[in-house]
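Participant: Here's a structure for you.
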Amino acid sequence: MTDDLTTRIEEIKNAYEDIRVTTHQMVVSNQPLIEEIFISMISGGHLLIEGVPGTAKTTVCKIIARLIGYEFRRVQGAVDIQPADIIGVRIYDRNRSEFVLQKGPIFTNFLMIDEMNRLTPKTQSALLEAMSERQATIDGTTYPLPDSYFVIATQNPHEIEGTFPLIEAQRDRFMFSSVLTHLDGENELEILRREQAGELDARIYRDQIVPHLSPAEVQAMAATVQEVRVDETVLAYMRDLILATRHHGDIRLGASSRGSIAFLRGSRVRAALNGRDYVIPDDVQALALPVLRHRILPTREAAITGITTEAVIAGIVESVEVS
């Protein structure tokens with residue numbers, strides 16, 4: 001590792017640690033989510049969060065966006081939201097005698113879509129197209145989105161009425177998928193302690209948190225992780241994990257090639273977060289759940305017998321060896 005690369009890798013590691021510690025001061029638990037957000041952001045991917053309400057998803061996102069100096073916008077999913085409400089619309093300006101663009105919330109650095117499965121399929125498609133192409137087309141004119149652009153979408157898997165579940169091709173466009181559950185007893189007690197001490201007031205992170213990074217620095221980090229080395233044996237290990245999902249007896253739809261790309265991009269960032277300029281199999285294994293859980297579909301027999309997606313992935317990681 002050159003001295004210059006060593007310095008830049010160390011800066012990424014320290015920046016993540018600062019963000020993790022600061023966020024933890026405001027939010028109880030959710031440490032894996034913080035890491036997945038940071039890795040997705042540096043990798044240029046997007047994150048899908050599935051979980052019950054009240055697990056601090058929005059709070060975590062607002063804090064991280066503020067720490068990085070991103071412009072944050074939030075959209076609450078509802079069936080009456082149209083594509084133009086998210087992307088924007090061209091309106092006629094009488095004073096200027098021309099049509100001008102009224103940009104929607106998609107034109108930001110950090111966009112959060114709460115309860116995305118409450119959006120109609122037409123609106124979901126418009127959003128996902130913008131996520132993939134990093135541009136929006138309005139009335140035949142294409143507008144680029146900001147260079148630093150990151151989307152987090154949430155959905156409550158326990159609600160069915162009035163929802164439109166994302167189809168497999170749409171879910172596949174998210175780099176990672178994170179699942180949040182209720183806190184355990186000790187963390188729930190910590191919530192009560194902080195509330196009693198007045199430490200859960202939203203004004204704390206709104207007024208006291210200052211940016212630790214800039215969007216330009218995030219882009220520089222994204223360029224740095226491209227220099228993280230991945231040996232052929234580790235690439236083959238990523239491939240073997242993906243192939244194992246396609247030939248597993250409890251899986252009827254395996255992971256696509258986007259899963260392979262997510263492994264590669266994510267493991268490079270994770271290596272940097274741990275101060276290394278090379279990827280090891282542990283980096284790949286640590287990302288197996290967020291990379292694969294939303295990309296595979298269990299067979300009906302597996303679902304009936306109670307075999308979970310998480311258990312299948314754990315079995316694959318245990319059985320696939322590094323060649």
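Going through the structure tokens in order, the chains are called A, B, and so on, while each chain numbers its residues from 1 and the ligands are numbered from 1 in the order shown.
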Could you give me the residues within region 27-230 of chain A that DSSP places in helix (DSSP H, G or I), as a ChimeraX atom specification?
Facilitator: /A:31-43,57-68,83-87,116-118,121-133,168-171,185-196,202-208,215-225
Participant: Please run DSSP on the backbone and report, as JSON, numbers by chain, all residues within region 150-262 of chain A that come out as strand (DSSP E or B).
Facilitator: {"A": [150, 151, 152, 153, 154, 155, 176, 177, 178, 179, 180, 229, 251, 252, 253]}
Participant: Got time to write the residues from that selection, all heavy atoms, as a short mmCIF file (atom, residue, chain, number, x, y, z; two decimals), in the first residue's frame?
Facilitator:
```
data_model
loop_
_atom_site.label_atom_id
_atom_site.label_comp_id
_atom_site.auth_asym_id
_atom_site.auth_seq_id
_atom_site.Cartn_x
_atom_site.Cartn_y
_atom_site.Cartn_z
N PHE A 150 -28.31 9.51 -3.24
CA PHE A 150 -28.51 8.30 -2.46
C PHE A 150 -29.97 8.19 -2.05
O PHE A 150 -30.58 9.18 -1.62
CB PHE A 150 -27.61 8.35 -1.21
CG PHE A 150 -27.73 7.15 -0.33
CD1 PHE A 150 -27.54 5.86 -0.81
CD2 PHE A 150 -28.02 7.30 1.03
CE1 PHE A 150 -27.64 4.76 0.02
CE2 PHE A 150 -28.12 6.20 1.87
CZ PHE A 150 -27.93 4.93 1.35
N VAL A 151 -30.54 7.00 -2.23
CA VAL A 151 -31.94 6.77 -1.91
C VAL A 151 -32.08 5.65 -0.89
O VAL A 151 -31.44 4.59 -1.02
CB VAL A 151 -32.76 6.39 -3.17
CG1 VAL A 151 -34.20 6.03 -2.79
CG2 VAL A 151 -32.75 7.53 -4.17
N ILE A 152 -32.90 5.89 0.12
CA ILE A 152 -33.31 4.84 1.06
C ILE A 152 -34.82 4.73 0.98
O ILE A 152 -35.53 5.74 1.08
CB ILE A 152 -32.88 5.15 2.50
CG1 ILE A 152 -31.37 4.96 2.67
CG2 ILE A 152 -33.62 4.25 3.49
CD1 ILE A 152 -30.88 5.15 4.09
N ALA A 153 -35.30 3.53 0.75
CA ALA A 153 -36.74 3.27 0.72
C ALA A 153 -37.08 2.32 1.85
O ALA A 153 -36.31 1.40 2.15
CB ALA A 153 -37.16 2.68 -0.62
N THR A 154 -38.21 2.54 2.50
CA THR A 154 -38.63 1.66 3.58
C THR A 154 -39.98 1.04 3.24
O THR A 154 -40.75 1.59 2.45
CB THR A 154 -38.76 2.41 4.93
OG1 THR A 154 -39.95 3.23 4.91
CG2 THR A 154 -37.55 3.28 5.18
N GLN A 155 -40.24 -0.10 3.84
CA GLN A 155 -41.56 -0.68 3.74
C GLN A 155 -41.81 -1.57 4.95
O GLN A 155 -40.87 -2.16 5.51
CB GLN A 155 -41.74 -1.47 2.44
CG GLN A 155 -40.77 -2.59 2.19
CD GLN A 155 -41.02 -3.27 0.85
OE1 GLN A 155 -41.84 -2.84 0.05
NE2 GLN A 155 -40.33 -4.36 0.60
N PHE A 176 -28.45 -3.01 -1.24
CA PHE A 176 -28.59 -3.74 0.01
C PHE A 176 -30.04 -3.74 0.48
O PHE A 176 -30.81 -2.85 0.13
CB PHE A 176 -27.75 -3.11 1.13
CG PHE A 176 -26.27 -3.28 1.01
CD1 PHE A 176 -25.41 -2.43 1.69
CD2 PHE A 176 -25.72 -4.28 0.23
CE1 PHE A 176 -24.04 -2.57 1.61
CE2 PHE A 176 -24.35 -4.43 0.13
CZ PHE A 176 -23.51 -3.58 0.81
N SER A 177 -30.37 -4.72 1.29
CA SER A 177 -31.64 -4.75 1.99
C SER A 177 -31.36 -4.98 3.47
O SER A 177 -30.60 -5.87 3.83
CB SER A 177 -32.53 -5.87 1.45
OG SER A 177 -33.69 -6.02 2.24
N SER A 178 -31.96 -4.14 4.29
CA SER A 178 -31.76 -4.23 5.74
C SER A 178 -33.09 -4.52 6.42
O SER A 178 -34.13 -4.00 6.00
CB SER A 178 -31.17 -2.93 6.28
OG SER A 178 -30.92 -3.01 7.66
N VAL A 179 -33.08 -5.36 7.43
CA VAL A 179 -34.29 -5.70 8.17
C VAL A 179 -34.14 -5.21 9.61
O VAL A 179 -33.16 -5.55 10.29
CB VAL A 179 -34.56 -7.22 8.15
CG1 VAL A 179 -35.74 -7.56 9.07
CG2 VAL A 179 -34.85 -7.70 6.73
N LEU A 180 -35.09 -4.41 10.06
CA LEU A 180 -35.07 -3.88 11.41
C LEU A 180 -36.20 -4.49 12.23
O LEU A 180 -37.32 -4.63 11.73
CB LEU A 180 -35.20 -2.36 11.41
CG LEU A 180 -34.11 -1.56 10.70
CD1 LEU A 180 -34.35 -0.07 10.87
CD2 LEU A 180 -32.73 -1.93 11.20
N ARG A 229 -7.76 -3.52 -3.55
CA ARG A 229 -7.43 -4.71 -4.34
C ARG A 229 -8.35 -5.88 -4.01
O ARG A 229 -8.66 -6.14 -2.84
CB ARG A 229 -5.98 -5.11 -4.08
CG ARG A 229 -5.46 -6.22 -5.00
CD ARG A 229 -3.99 -6.47 -4.78
NE ARG A 229 -3.71 -7.10 -3.48
CZ ARG A 229 -3.20 -6.49 -2.44
NH1 ARG A 229 -2.93 -5.19 -2.50
NH2 ARG A 229 -2.97 -7.13 -1.31
N ILE A 251 -34.47 -22.63 -2.99
CA ILE A 251 -34.60 -21.34 -3.67
C ILE A 251 -35.16 -21.56 -5.07
O ILE A 251 -34.63 -22.35 -5.84
CB ILE A 251 -33.24 -20.61 -3.76
CG1 ILE A 251 -32.69 -20.33 -2.36
CG2 ILE A 251 -33.38 -19.31 -4.54
CD1 ILE A 251 -31.31 -19.71 -2.36
N ARG A 252 -36.24 -20.82 -5.39
CA ARG A 252 -36.82 -20.92 -6.74
C ARG A 252 -36.34 -19.81 -7.65
O ARG A 252 -36.50 -19.90 -8.87
CB ARG A 252 -38.34 -20.95 -6.67
CG ARG A 252 -39.02 -19.74 -6.05
CD ARG A 252 -40.52 -19.97 -5.93
NE ARG A 252 -41.22 -18.94 -5.20
CZ ARG A 252 -41.79 -17.88 -5.76
NH1 ARG A 252 -41.74 -17.73 -7.08
NH2 ARG A 252 -42.42 -16.97 -5.03
N LEU A 253 -35.80 -18.73 -7.09
CA LEU A 253 -35.20 -17.67 -7.89
C LEU A 253 -33.94 -17.19 -7.20
O LEU A 253 -33.99 -16.67 -6.10
CB LEU A 253 -36.17 -16.49 -8.07
CG LEU A 253 -35.64 -15.30 -8.88
CD1 LEU A 253 -35.38 -15.73 -10.33
CD2 LEU A 253 -36.63 -14.13 -8.85
#
```
Participant: Which one of A:Leu166, A:Leu287, A:Ala216, A:Ala311 sits closest to Leu264 (chain A) if you count only C-alpha atoms?
Facilitator: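 Of the candidates, the smallest distance to Leu264 (chain A) is held by A:Leu287.
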Participant: Would you mind listing what lies within 10 Å of Gln102 (chain A) as a list in words, with only C-alpha atoms counted and same-chain residues fewer than 2 positions away left out?
Facilitator: Ala84, Ile87, Gly88, Val89, Arg90, Ile91, Tyr92, Phe99, Val100, Gly104 and Pro105 of chain A
Participant: So which one's closest to Asn117 (chain A), A:Thr55, A:Asn95, A:Asn156, A:Thr141? Using only C-alpha atoms, please.
Facilitator: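 Of A:Thr55, A:Asn95, A:Asn156, A:Thr141, the one nearest Asn117 (chain A), counting only C-alpha atoms, is A:Asn156.
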Participant: What is the distance, in Å and to one decimal place, between CA of Arg203 (chain A) and CA of Phe38 (chain A)?
Facilitator: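 Between CA of Arg203 (chain A) and CA of Phe38 (chain A) the gap works out to 23.3 Å.
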Participant: Which residue gives the smallest distance to Leu241 (chain A) among A:Asp207, A:Glu318, A:Asp147, A:Glu129, with only C-alpha atoms counted?
Facilitator: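 That would be A:Glu318, the residue with the smallest distance to Leu241 (chain A).
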Participant: Which polymer residues have any atom within 10 Å of an atom of Leu127 (chain A), counting only C-alpha atoms, with same-chain residues fewer than 5 positions away left out, as a PDB file with C-alpha atoms, in the first residue's frame?
Facilitator:
```pdb
ATOM      1  CA  PRO A  83     -44.866  10.367 -10.538  1.00  0.00           C
ATOM      2  CA  ILE A  86     -41.716  12.953  -6.895  1.00  0.00           C
ATOM      3  CA  ILE A  87     -39.935  13.791 -10.153  1.00  0.00           C
ATOM      4  CA  ILE A 106     -36.027  13.519  -6.211  1.00  0.00           C
ATOM      5  CA  ILE A 113     -39.135   7.211   0.625  1.00  0.00           C
ATOM      6  CA  MET A 116     -42.544   2.793  -0.668  1.00  0.00           C
ATOM      7  CA  LEU A 119     -46.909   4.033  -3.863  1.00  0.00           C
ATOM      8  CA  PRO A 121     -46.626   0.667  -9.403  1.00  0.00           C
ATOM      9  CA  LYS A 122     -46.501   3.588 -11.862  1.00  0.00           C
ATOM     10  CA  SER A 132     -30.905   3.493 -11.944  1.00  0.00           C
ATOM     11  CA  ALA A 136     -35.348  12.189 -14.762  1.00  0.00           C
ATOM     12  CA  VAL A 151     -31.944   6.770  -1.911  1.00  0.00           C
TER      13      VAL A 151
END
```
Participant: Mind checking which residues fall within 9 Å of Asp240 (chain A), counting only C-alpha atoms, ignoring those fewer than 5 positions away in the same chain, and posting them as a PyMOL selection string?
Facilitator: chain A and resi 235+245+320-322
Participant: Residues of the last selection are to be written out with N, CA, C and O atoms, as a CSV table (one decimal), in the first residue's frame.
Facilitator:
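Result went into again_33.csv, see below:
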```csv
chain,number,residue,atom,x,y,z
A,235,LEU,N,-12.8,-12.9,-5.9
A,235,LEU,CA,-13.8,-12.7,-7.0
A,235,LEU,C,-14.5,-14.0,-7.2
A,235,LEU,O,-15.7,-14.1,-7.4
A,245,THR,N,-26.9,-19.7,-4.9
A,245,THR,CA,-28.3,-19.3,-4.8
A,245,THR,C,-29.1,-19.7,-5.9
A,245,THR,O,-30.3,-19.9,-5.8
A,320,VAL,N,-20.1,-22.8,1.1
A,320,VAL,CA,-19.3,-22.4,0.0
A,320,VAL,C,-17.9,-22.1,0.6
A,320,VAL,O,-17.8,-21.2,1.5
A,321,GLU,N,-16.9,-22.7,0.0
A,321,GLU,CA,-15.5,-22.4,0.5
A,321,GLU,C,-14.8,-21.5,-0.5
A,321,GLU,O,-15.1,-21.5,-1.6
A,322,VAL,N,-13.7,-20.9,0.1
A,322,VAL,CA,-12.9,-20.1,-0.8
A,322,VAL,C,-11.9,-21.0,-1.5
A,322,VAL,O,-11.2,-21.8,-0.8
```
Participant: Give me, please, the distance in Å between CA of Met112 (chain A) and CA of Tyr149 (chain A), quoted to one decimal.
Facilitator: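 Taking CA of Met112 (chain A) as the start and CA of Tyr149 (chain A) as the end point, the length is 11.2 Å.
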Participant: As an mmCIF file with N, CA and C atoms, in the first residue's frame, please: the residues near Asp277 (chain A) (cut-off 10 Å, only C-alpha atoms, same-chain neighbours under 2 positions excluded).
Facilitator:
```cif
data_model
loop_
_atom_site.group_PDB
_atom_site.id
_atom_site.type_symbol
_atom_site.label_atom_id
_atom_site.label_comp_id
_atom_site.auth_asym_id
_atom_site.auth_seq_id
_atom_site.Cartn_x
_atom_site.Cartn_y
_atom_site.Cartn_z
ATOM 1 N N MET A 1 0.843 -1.193 0.000
ATOM 2 C CA MET A 1 0.000 0.000 0.000
ATOM 3 C C MET A 1 0.884 1.252 0.000
ATOM 4 N N THR A 2 0.676 2.146 -0.968
ATOM 5 C CA THR A 2 1.448 3.373 -1.006
ATOM 6 C C THR A 2 1.069 4.265 0.160
ATOM 7 N N LEU A 5 -2.183 6.157 -0.558
ATOM 8 C CA LEU A 5 -3.372 5.325 -0.421
ATOM 9 C C LEU A 5 -3.614 4.973 1.040
ATOM 10 N N THR A 6 -2.531 4.709 1.779
ATOM 11 C CA THR A 6 -2.655 4.432 3.210
ATOM 12 C C THR A 6 -3.353 5.579 3.932
ATOM 13 N N ARG A 8 -5.349 7.904 2.626
ATOM 14 C CA ARG A 8 -6.737 8.056 2.203
ATOM 15 C C ARG A 8 -7.638 6.961 2.782
ATOM 16 N N ILE A 9 -7.104 5.739 2.872
ATOM 17 C CA ILE A 9 -7.868 4.642 3.491
ATOM 18 C C ILE A 9 -8.106 4.947 4.968
ATOM 19 N N GLU A 10 -7.096 5.457 5.629
ATOM 20 C CA GLU A 10 -7.219 5.790 7.053
ATOM 21 C C GLU A 10 -8.237 6.908 7.257
ATOM 22 N N THR A 224 -11.409 6.543 -4.106
ATOM 23 C CA THR A 224 -10.350 5.828 -3.379
ATOM 24 C C THR A 224 -10.624 4.335 -3.291
ATOM 25 N N VAL A 225 -11.873 3.952 -2.989
ATOM 26 C CA VAL A 225 -12.167 2.528 -2.805
ATOM 27 C C VAL A 225 -12.026 1.747 -4.102
ATOM 28 N N GLN A 226 -12.003 2.446 -5.239
ATOM 29 C CA GLN A 226 -11.764 1.757 -6.502
ATOM 30 C C GLN A 226 -10.350 1.184 -6.560
ATOM 31 N N GLU A 227 -9.469 1.715 -5.711
ATOM 32 C CA GLU A 227 -8.091 1.228 -5.675
ATOM 33 C C GLU A 227 -7.902 0.071 -4.705
ATOM 34 N N VAL A 228 -8.948 -0.292 -3.976
ATOM 35 C CA VAL A 228 -8.854 -1.431 -3.054
ATOM 36 C C VAL A 228 -8.735 -2.713 -3.878
ATOM 37 N N ARG A 229 -7.760 -3.521 -3.549
ATOM 38 C CA ARG A 229 -7.433 -4.710 -4.341
ATOM 39 C C ARG A 229 -8.354 -5.877 -4.011
ATOM 40 N N VAL A 230 -8.796 -6.580 -5.028
ATOM 41 C CA VAL A 230 -9.609 -7.787 -4.860
ATOM 42 C C VAL A 230 -8.953 -8.895 -5.665
ATOM 43 N N ARG A 268 -15.291 -3.753 -1.102
ATOM 44 C CA ARG A 268 -14.189 -2.792 -1.194
ATOM 45 C C ARG A 268 -14.331 -1.701 -0.130
ATOM 46 N N VAL A 269 -15.549 -1.190 0.028
ATOM 47 C CA VAL A 269 -15.764 -0.148 1.032
ATOM 48 C C VAL A 269 -15.558 -0.714 2.428
ATOM 49 N N ARG A 270 -16.077 -1.910 2.669
ATOM 50 C CA ARG A 270 -15.933 -2.509 4.000
ATOM 51 C C ARG A 270 -14.460 -2.725 4.346
ATOM 52 N N ALA A 271 -13.662 -3.117 3.357
ATOM 53 C CA ALA A 271 -12.231 -3.272 3.597
ATOM 54 C C ALA A 271 -11.620 -1.940 4.020
ATOM 55 N N ALA A 272 -12.016 -0.860 3.341
ATOM 56 C CA ALA A 272 -11.494 0.465 3.689
ATOM 57 C C ALA A 272 -11.922 0.878 5.089
ATOM 58 N N LEU A 273 -13.157 0.556 5.457
ATOM 59 C CA LEU A 273 -13.629 0.893 6.805
ATOM 60 C C LEU A 273 -12.808 0.190 7.875
ATOM 61 N N ASN A 274 -12.193 -0.927 7.500
ATOM 62 C CA ASN A 274 -11.355 -1.664 8.438
ATOM 63 C C ASN A 274 -9.866 -1.396 8.222
ATOM 64 N N GLY A 275 -9.562 -0.342 7.454
ATOM 65 C CA GLY A 275 -8.179 0.092 7.298
ATOM 66 C C GLY A 275 -7.351 -0.738 6.355
ATOM 67 N N VAL A 279 -9.426 -6.757 -0.124
ATOM 68 C CA VAL A 279 -10.630 -7.424 0.362
ATOM 69 C C VAL A 279 -10.290 -8.841 0.809
ATOM 70 N N ILE A 280 -10.894 -9.266 1.915
ATOM 71 C CA ILE A 280 -10.745 -10.636 2.399
ATOM 72 C C ILE A 280 -12.119 -11.307 2.396
#
```
